[in-house]
Amino acid sequence: MGTDEDYLREIEGKAAHDPYYYTKKKKKKTINNLVPGAVIVGAGPSGLAAAACLKERGVPSVVIERSSCIASLWQQKTYDRLRLHLPKQFCELPLMPFPPDFPTYPTKQQFVQYLEAYAARFEIRPVFGQAVVSAELDEKLQLWRVTTEGAEYLCRWLVVATGENAEAVMPTIQGREEFGGDVVHTSGYKSGSVYEGKRVLVVGCGNSGMEVSLDLCNHNATPSLVVRDTVHILPREMLGKSTFGLSMWLLKWLPMRVVDRLLLVISWLVLGDTARYGLDRPRLGPLELKSLSGKTPVLDVGTLDKIKSGDIKVCPAIQRLWYKSAEFVDGRVENFDSIILATGYKSNVPCWLKESEMFCEKDGLPKRPFPNCWKGECGLYAVGFTKRGLLGASIDAKNIADDIHRCWRDSNYSPNFIQKHL
């Protein structure tokens, strides 16, 4: 060990009070980034929730984030008119509610303010600009070795918090290179104001596609909406309550299929028969479909009225693109100036996490279904992969903190424990 012994004694004491101490020292790579607690990959809402819950249990953590800010998806890749689709009480993170003066459905800006206040309250200081290249278990040390473009971290516990929406899904469309107009993903869309007077084709009829179409319509564009599959559209509120809140309450007393039938009856009374407008419903009810496939029903915020009035046109799947036009599977060809891809996001975990037991290689999601998807083997955890939004992430974060705390309390883990095995 030589001259490193005094250095190790010094940093062991300091790291006990400051889990970020190792990342601040610049002496020896494998020493600088020994983390006495957990490494959390991702500084979105899920990663912040996990860090706060660990801190509340007395376990230190280091949050690493590839971008330059917390909640980069919300801050950099969402449109201006976005609001939470669920009431705020279902979207708050553990240990800290939303401010009482926030509206029922906070705006994008208000949600970011809440997350920044959350990080400040729990003194979560992510290390930004740390895109993970690989993370794998060191069999000799039984520690996770997390390598970024500029550093390496060794930790006993690794929490994957990059989420289901890490990378934009860009579908392959025949003739795209011939189109000639703008083709952007919703991650690059901010406002319909730049499309005023233009004919815009929106591909995808989830919540984002529906809301972007409405935004375009409100900015005097002419949107058409590609609906490639069946979709459940529900009013955002039913009987004076949020549809989601009403669903959760009914599920306490009734089977899921019965609740689905009630939701569809009320939806038909409020919205009418959506199939008349090219929006056929799936065979399974909205809650059952969500449970089995993760496909979220659309909560209508006014788009359906624009479809009914003809201001937004519904189109079938695209066969191929031509110059400034699209040919649909029914043979129709229509002209468009721009295309917006509301085709969602996907996990990027398989690109960097070197393990095959917990995460599926194909889609980057945990193999075990909710509620058992948060824990893997050898100190590996996942938060925010439940397909149940922020409510699911909060449940994961609490479970992870409790589990790591038990290991932390019952072990003699310390930086010197690692050093003895190096």
# chains A, B, ... in the order shown; residues from 1 in each chain; ligands from 1
$ select_by_dssp --residues "segment 153-333 of chain A" --states "strand (DSSP E or B)" --output "ChimeraX atom specification"
/A:153-160,167-168,182-185,199-203,222-226,233-235,237-238,241-242,298-300,313-315,318-322,325-328,333
$ residues_around --residues "segment 178-191 of chain A" --least-positions-apart "2" --cutoff "8 Å" --atoms "only C-alpha atoms" --output "list in words"
Gln76, Lys77, Thr78, Tyr79, Asp80, Arg81, Ala168, Met170, Gly175, Arg176, Ser193, Val194, Ser208, Asp215, Leu216, Leu321, Trp322, Tyr323, Lys324, Ser325, Asp337, Ser338, Ile339, Ile340, Leu341, Ala342 and Thr343 of chain A
$ closest_residue --among "A:Val39, A:Val258, A:Val160, A:Leu391" --to "Val127 of chain A" --atoms "only C-alpha atoms"
A:Val39
$ residues_around --residues "segment 279-294 of chain A" --least-positions-apart "5" --cutoff "12 Å" --atoms "only C-alpha atoms" --output "PyMOL selection string"
chain A and resi 164+205-206+210+225-234+243-244+247-248+250-251+255-265+267-268+271-274+299+304+307-308+313-316+365+369-371+385-389
$ closest_residue --among "A:Val212, A:Leu158, A:Leu380, A:Ala401" --to "Leu82 of chain A" --atoms "only C-alpha atoms"
A:Val212
$ residues_around --residues "His405 of chain A" --least-positions-apart "6" --cutoff "8 Å" --atoms "only C-alpha atoms" --output "list in words"
Leu54, Arg57, Gly58 and Val59 of chain A
$ write_last_selection --atoms "all heavy atoms" --output "JSON list (two decimals), in the first residue's frame"
[["chain", "number", "residue", "atom", "x", "y", "z"],
["A", 54, "LEU", "N", -33.07, 6.88, 0.53],
["A", 54, "LEU", "CA", -31.84, 6.34, 1.12],
["A", 54, "LEU", "C", -31.29, 7.29, 2.17],
["A", 54, "LEU", "O", -30.87, 6.87, 3.26],
["A", 54, "LEU", "CB", -30.79, 6.11, 0.03],
["A", 54, "LEU", "CG", -31.00, 4.88, -0.86],
["A", 54, "LEU", "CD1", -30.07, 4.92, -2.07],
["A", 54, "LEU", "CD2", -30.78, 3.60, -0.07],
["A", 57, "ARG", "N", -33.00, 7.10, 5.39],
["A", 57, "ARG", "CA", -32.66, 5.88, 6.12],
["A", 57, "ARG", "C", -31.20, 5.86, 6.57],
["A", 57, "ARG", "O", -30.73, 4.88, 7.14],
["A", 57, "ARG", "CB", -32.92, 4.65, 5.23],
["A", 57, "ARG", "CG", -34.35, 4.53, 4.74],
["A", 57, "ARG", "CD", -35.32, 4.22, 5.85],
["A", 57, "ARG", "NE", -35.39, 2.79, 6.09],
["A", 57, "ARG", "CZ", -35.81, 2.26, 7.23],
["A", 57, "ARG", "NH1", -36.16, 3.06, 8.23],
["A", 57, "ARG", "NH2", -35.88, 0.96, 7.39],
["A", 58, "GLY", "N", -30.48, 6.96, 6.29],
["A", 58, "GLY", "CA", -29.10, 7.06, 6.75],
["A", 58, "GLY", "C", -28.08, 6.40, 5.85],
["A", 58, "GLY", "O", -26.93, 6.17, 6.26],
["A", 59, "VAL", "N", -28.46, 6.10, 4.60],
["A", 59, "VAL", "CA", -27.53, 5.46, 3.66],
["A", 59, "VAL", "C", -27.08, 6.49, 2.64],
["A", 59, "VAL", "O", -27.91, 7.09, 1.95],
["A", 59, "VAL", "CB", -28.21, 4.27, 2.94],
["A", 59, "VAL", "CG1", -27.22, 3.62, 1.98],
["A", 59, "VAL", "CG2", -28.74, 3.26, 3.94]]
$ closest_residue --among "A:Val159, A:Gln142, A:Glu167, A:Glu65" --to "Ile404 of chain A" --atoms "only C-alpha atoms"
A:Val159
$ closest_residue --among "A:Lys306, A:Arg332, A:Arg121, A:Arg199" --to "Glu56 of chain A" --atoms "only C-alpha atoms"
A:Arg121
$ atom_distance --atom1 "atom CA of Gly42 of chain A" --atom2 "atom CA of Thr104 of chain A"
27.1 Å
$ select_by_dssp --residues "segment 268-335 of chain A" --states "helix (DSSP H, G or I)" --output "number ranges by chain"
A: 268-271, 274-277, 286-293, 303-309
